[in-house]
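Undergrad: Before we start, here is the structure in question, set down as structure tokens.
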Amino acid sequence: MTHLSVNINKIATLRNARGGNVPDLVQFTKDIESFGAQGITVHPRPDERHIRYQDVFDLKPVITTEFNIEGNPIPQFVDMVLKAKPAQVTLVPDAIDAITSNSGWDTIKHKDFLKEVISEFKRNDIRTSIFVDPNLSMVEHAANTGADRIELYTEAYAEQFSKGNKNAVKIYTDCANKAIELDLGLNAGHDLSLENIQYFKQEVPGLLEVSIGHALITESLYFGLETTIKRYLNLLKG
């Protein structure tokens, strides 16, 4: 079964919009885990417009599943991850002013930088994953960075699937097979939803984990958080 890691950035955005501690991020995290999610993902950014760096340390003691921290490995982020020691860190090359992640790493151009950062995390027993575009060359060179896993950037698949183009999944299948060949673990995320997740799961071999936030929280406005999480878990079976 592919694991579901729920990205709680949007819960933090809602809290920050009003100030105070409503909704309570820690309580939401506990509830998400109790509803069956196998992981919690956060993506703190330098301006702390949703997840704050302090949230990472508030959440760490209460998370009983997998804690995954995403972000651009600037010095502040690296220091925070080394102190928090999550189960997994996912390196994302997002610009400081990016609304959301919009590209994967160039694993050729940034190989030396990634190797240095990844080696530091692995020395501290933190599993490393790097965000990559669905490009066979980028996947192949990701193996040279020392990463444990890659996370395939799925926006292109989601966009094409919504237009009826199921063939858009083929490059992801090819990348997954390449990752398996290179002994890289495989994660995926970005714009995955109840609408498109089952087909992606069926067509992409070796999928260990999906990280879903925006769609899941939006769908929860209609169906409720517990029901939405259980729907995802059911679609990811097999």
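We name chains A, B, ... following the order of the structure tokens; residues begin at 1 in each chain, and ligands are numbered from 1 as shown.
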Name the residues of stretch 3-221 of chain A that come out as strand (DSSP E or B) in a backbone DSSP run; write them as a ChimeraX atom specification.

TA: /A:3-7,39-42,66-71,88-91,127-132,149-153,185-189,207-212

Undergrad: Give me the residues near stretch 180-193 of chain A as a list in words, where near means some atom within 7 Å (using only C-alpha atoms) and where sequence neighbours in that chain fewer than 3 positions away do not count.

TA: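 Answer for this query is Ala143, Asp148, Arg149, Ile150, Glu151, Leu152, Tyr153, Thr154, Glu155, Ala158, Ala176, Asn177, Asn196, Ile197, Gly206, Leu207, Leu208, Glu209, Val210, Ser211, Ile212, Ala215 and Leu216 of chain A.
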
Undergrad: With C-alpha atoms retained, could you export that selection as a PDB file, in the first residue's frame?

TA:
ATOM      1  CA  ALA A 143      21.030   8.573  -8.031  1.00  0.00           C
ATOM      2  CA  ASP A 148      17.435   7.706  -0.741  1.00  0.00           C
ATOM      3  CA  ARG A 149      14.327   8.649  -2.692  1.00  0.00           C
ATOM      4  CA  ILE A 150      12.965  10.980  -5.334  1.00  0.00           C
ATOM      5  CA  GLU A 151       9.603  12.727  -5.312  1.00  0.00           C
ATOM      6  CA  LEU A 152       8.108  13.054  -8.788  1.00  0.00           C
ATOM      7  CA  TYR A 153       6.517  16.445  -9.488  1.00  0.00           C
ATOM      8  CA  THR A 154       3.007  15.542 -10.638  1.00  0.00           C
ATOM      9  CA  GLU A 155       1.463  18.855 -11.723  1.00  0.00           C
ATOM     10  CA  ALA A 158      -2.809  16.250 -12.919  1.00  0.00           C
ATOM     11  CA  ALA A 176       9.340   4.962 -11.796  1.00  0.00           C
ATOM     12  CA  ASN A 177      10.895   2.023 -13.623  1.00  0.00           C
ATOM     13  CA  ASN A 196      -6.651  11.421 -10.281  1.00  0.00           C
ATOM     14  CA  ILE A 197      -4.844   9.490  -7.540  1.00  0.00           C
ATOM     15  CA  GLY A 206       6.928   1.089  -6.739  1.00  0.00           C
ATOM     16  CA  LEU A 207       5.106   4.149  -5.391  1.00  0.00           C
ATOM     17  CA  LEU A 208       5.971   4.339  -1.700  1.00  0.00           C
ATOM     18  CA  GLU A 209       4.374   7.608  -0.642  1.00  0.00           C
ATOM     19  CA  VAL A 210       2.243  10.500  -1.876  1.00  0.00           C
ATOM     20  CA  SER A 211       2.206  13.909  -0.236  1.00  0.00           C
ATOM     21  CA  ILE A 212      -1.130  15.688  -0.626  1.00  0.00           C
ATOM     22  CA  ALA A 215      -6.576  19.143  -2.796  1.00  0.00           C
ATOM     23  CA  LEU A 216      -7.133  17.065   0.336  1.00  0.00           C
TER      24      LEU A 216
END

Undergrad: Given the choices A:Glu226, A:Asp31, A:Asp94, A:Asp24, which gets closest to A:Glu70 if the distance is worked out from only C-alpha atoms?

TA: A:Asp94

Undergrad: Could you check which of A:Leu235, A:Ala168, A:Leu82, A:Ile32 is closest to A:Gln198, using only C-alpha atoms?

TA: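 Residue with the minimum atom-to-atom distance to A:Gln198: A:Leu235.
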
Undergrad: Which residues are near A:Val139? Cut-off 8 Å, only C-alpha atoms, ignore same chain within fewer than 3 positions. Put them as a PDB file with C-alpha atoms, in the first residue's frame.

TA:
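Result file around.pdb:
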ATOM      1  CA  THR A 107      20.250  17.006 -10.725  1.00  0.00           C
ATOM      2  CA  VAL A 132      12.408  16.073  -9.530  1.00  0.00           C
ATOM      3  CA  PRO A 134       9.324  13.577 -14.664  1.00  0.00           C
ATOM      4  CA  ASN A 135      12.460  13.450 -16.767  1.00  0.00           C
ATOM      5  CA  LEU A 136      14.507  10.274 -17.154  1.00  0.00           C
ATOM      6  CA  ALA A 142      19.448  11.906  -8.877  1.00  0.00           C
ATOM      7  CA  ALA A 143      21.030   8.573  -8.031  1.00  0.00           C
ATOM      8  CA  ILE A 150      12.965  10.980  -5.334  1.00  0.00           C
ATOM      9  CA  CYS A 175      10.597   7.374 -14.438  1.00  0.00           C
ATOM     10  CA  LYS A 178      14.167   3.945 -13.889  1.00  0.00           C
ATOM     11  CA  ALA A 179      14.067   4.683 -10.139  1.00  0.00           C
TER      12      ALA A 179
END

Undergrad: Rounded to one decimal, what separation in Å do you get between atom CA of A:Ala147 and atom CA of A:Thr128?

TA: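 Atom-to-atom, atom CA of A:Ala147 to atom CA of A:Thr128, that is 5.4 Å.
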
Undergrad: Tell me which protein, DNA and RNA residues are within 9 Å of A:Arg52, counting only C-alpha atoms, leaving out same-chain ones fewer than 6 positions away, and put them as a list in words.

TA: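 Neighbouring residues, sequence-local ones excluded: Ala12, His43, Pro44, Arg45 and Pro46 of chain A.
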
Undergrad: Those same residues - N, CA, C and O atoms - I'd like them written as a PDB file, in the first residue's frame.

TA:
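File written: out-v2.pdb
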ATOM      1  N   ALA A  12      -2.251  25.683   8.438  1.00  0.00           N
ATOM      2  CA  ALA A  12      -1.467  26.786   9.006  1.00  0.00           C
ATOM      3  C   ALA A  12      -1.828  28.111   8.348  1.00  0.00           C
ATOM      4  O   ALA A  12      -1.866  29.159   9.013  1.00  0.00           O
ATOM      5  N   HIS A  43       5.939  22.224   4.936  1.00  0.00           N
ATOM      6  CA  HIS A  43       6.869  22.897   4.025  1.00  0.00           C
ATOM      7  C   HIS A  43       7.043  24.337   4.490  1.00  0.00           C
ATOM      8  O   HIS A  43       6.406  25.250   3.965  1.00  0.00           O
ATOM      9  N   PRO A  44       7.892  24.549   5.502  1.00  0.00           N
ATOM     10  CA  PRO A  44       8.121  25.919   5.971  1.00  0.00           C
ATOM     11  C   PRO A  44       8.897  26.727   4.949  1.00  0.00           C
ATOM     12  O   PRO A  44       9.850  26.225   4.347  1.00  0.00           O
ATOM     13  N   ARG A  45       8.470  27.970   4.750  1.00  0.00           N
ATOM     14  CA  ARG A  45       9.191  28.866   3.849  1.00  0.00           C
ATOM     15  C   ARG A  45       9.782  30.014   4.666  1.00  0.00           C
ATOM     16  O   ARG A  45       9.343  30.282   5.783  1.00  0.00           O
ATOM     17  N   PRO A  46      10.783  30.688   4.101  1.00  0.00           N
ATOM     18  CA  PRO A  46      11.480  31.724   4.881  1.00  0.00           C
ATOM     19  C   PRO A  46      10.565  32.803   5.444  1.00  0.00           C
ATOM     20  O   PRO A  46      10.822  33.330   6.537  1.00  0.00           O
TER      21      PRO A  46
END

Undergrad: Neighbours of A:Thr218 within 10 Å (only C-alpha atoms; same-chain residues fewer than 5 positions away dropped), as an MDAnalysis selection string?

TA: chainID A and resid 10 193 213 223:225 228

Undergrad: List as a PDB file with all heavy atoms, in the first residue's frame the protein and nucleic acid residues near A:Pro73, meaning an atom at most 8 Å away when only C-alpha atoms are counted, but skip any in the same chain fewer than 4 places from it.

TA:
ATOM      1  N   PHE A  77      17.038  26.521   6.891  1.00  0.00           N
ATOM      2  CA  PHE A  77      16.259  25.287   6.758  1.00  0.00           C
ATOM      3  C   PHE A  77      17.094  24.082   7.197  1.00  0.00           C
ATOM      4  O   PHE A  77      16.607  23.210   7.932  1.00  0.00           O
ATOM      5  CB  PHE A  77      15.807  25.120   5.308  1.00  0.00           C
ATOM      6  CG  PHE A  77      15.043  23.846   5.037  1.00  0.00           C
ATOM      7  CD1 PHE A  77      13.684  23.782   5.236  1.00  0.00           C
ATOM      8  CD2 PHE A  77      15.705  22.708   4.575  1.00  0.00           C
ATOM      9  CE1 PHE A  77      12.973  22.602   4.992  1.00  0.00           C
ATOM     10  CE2 PHE A  77      15.010  21.535   4.325  1.00  0.00           C
ATOM     11  CZ  PHE A  77      13.642  21.480   4.535  1.00  0.00           C
ATOM     12  N   VAL A  78      18.333  24.014   6.746  1.00  0.00           N
ATOM     13  CA  VAL A  78      19.206  22.891   7.104  1.00  0.00           C
ATOM     14  C   VAL A  78      19.373  22.813   8.618  1.00  0.00           C
ATOM     15  O   VAL A  78      19.259  21.730   9.221  1.00  0.00           O
ATOM     16  CB  VAL A  78      20.574  23.030   6.413  1.00  0.00           C
ATOM     17  CG1 VAL A  78      21.547  21.972   6.937  1.00  0.00           C
ATOM     18  CG2 VAL A  78      20.418  22.892   4.894  1.00  0.00           C
ATOM     19  N   LEU A  91      13.968  17.719  -0.379  1.00  0.00           N
ATOM     20  CA  LEU A  91      14.607  18.945  -0.841  1.00  0.00           C
ATOM     21  C   LEU A  91      13.894  19.454  -2.094  1.00  0.00           C
ATOM     22  O   LEU A  91      13.747  18.723  -3.078  1.00  0.00           O
ATOM     23  CB  LEU A  91      16.077  18.687  -1.132  1.00  0.00           C
ATOM     24  CG  LEU A  91      16.869  18.038   0.020  1.00  0.00           C
ATOM     25  CD1 LEU A  91      18.336  17.894  -0.366  1.00  0.00           C
ATOM     26  CD2 LEU A  91      16.725  18.851   1.300  1.00  0.00           C
ATOM     27  N   VAL A  92      13.445  20.718  -2.030  1.00  0.00           N
ATOM     28  CA  VAL A  92      12.659  21.332  -3.104  1.00  0.00           C
ATOM     29  C   VAL A  92      13.320  22.652  -3.502  1.00  0.00           C
ATOM     30  O   VAL A  92      13.596  23.483  -2.633  1.00  0.00           O
ATOM     31  CB  VAL A  92      11.211  21.598  -2.652  1.00  0.00           C
ATOM     32  CG1 VAL A  92      10.378  22.157  -3.795  1.00  0.00           C
ATOM     33  CG2 VAL A  92      10.574  20.328  -2.093  1.00  0.00           C
ATOM     34  N   PRO A  93      13.562  22.872  -4.797  1.00  0.00           N
ATOM     35  CA  PRO A  93      14.281  24.083  -5.211  1.00  0.00           C
ATOM     36  C   PRO A  93      13.370  25.291  -5.419  1.00  0.00           C
ATOM     37  O   PRO A  93      13.476  25.996  -6.416  1.00  0.00           O
ATOM     38  CB  PRO A  93      14.910  23.652  -6.546  1.00  0.00           C
ATOM     39  CG  PRO A  93      13.903  22.728  -7.127  1.00  0.00           C
ATOM     40  CD  PRO A  93      13.317  21.974  -5.956  1.00  0.00           C
ATOM     41  N   VAL A 117      24.634  18.522   0.815  1.00  0.00           N
ATOM     42  CA  VAL A 117      23.517  18.668   1.744  1.00  0.00           C
ATOM     43  C   VAL A 117      22.990  17.298   2.173  1.00  0.00           C
ATOM     44  O   VAL A 117      22.753  17.039   3.363  1.00  0.00           O
ATOM     45  CB  VAL A 117      22.384  19.496   1.104  1.00  0.00           C
ATOM     46  CG1 VAL A 117      21.150  19.509   2.002  1.00  0.00           C
ATOM     47  CG2 VAL A 117      22.842  20.914   0.832  1.00  0.00           C
TER      48      VAL A 117
END

Undergrad: Fewer than 6 positions away in the same chain doesn't count, so skip those; otherwise give me all residues within 12 Å of A:Lys85, counting only C-alpha atoms, as a count of residues only.

TA: 21

Undergrad: Compare A:Gly20, A:Ile108, A:Glu219, A:Leu233 by their minimum atom-to-atom distance to A:Ala37, counting only C-alpha atoms, and give me the closest one.

TA: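 Among the listed residues, the smallest separation from A:Ala37 belongs to A:Leu233.
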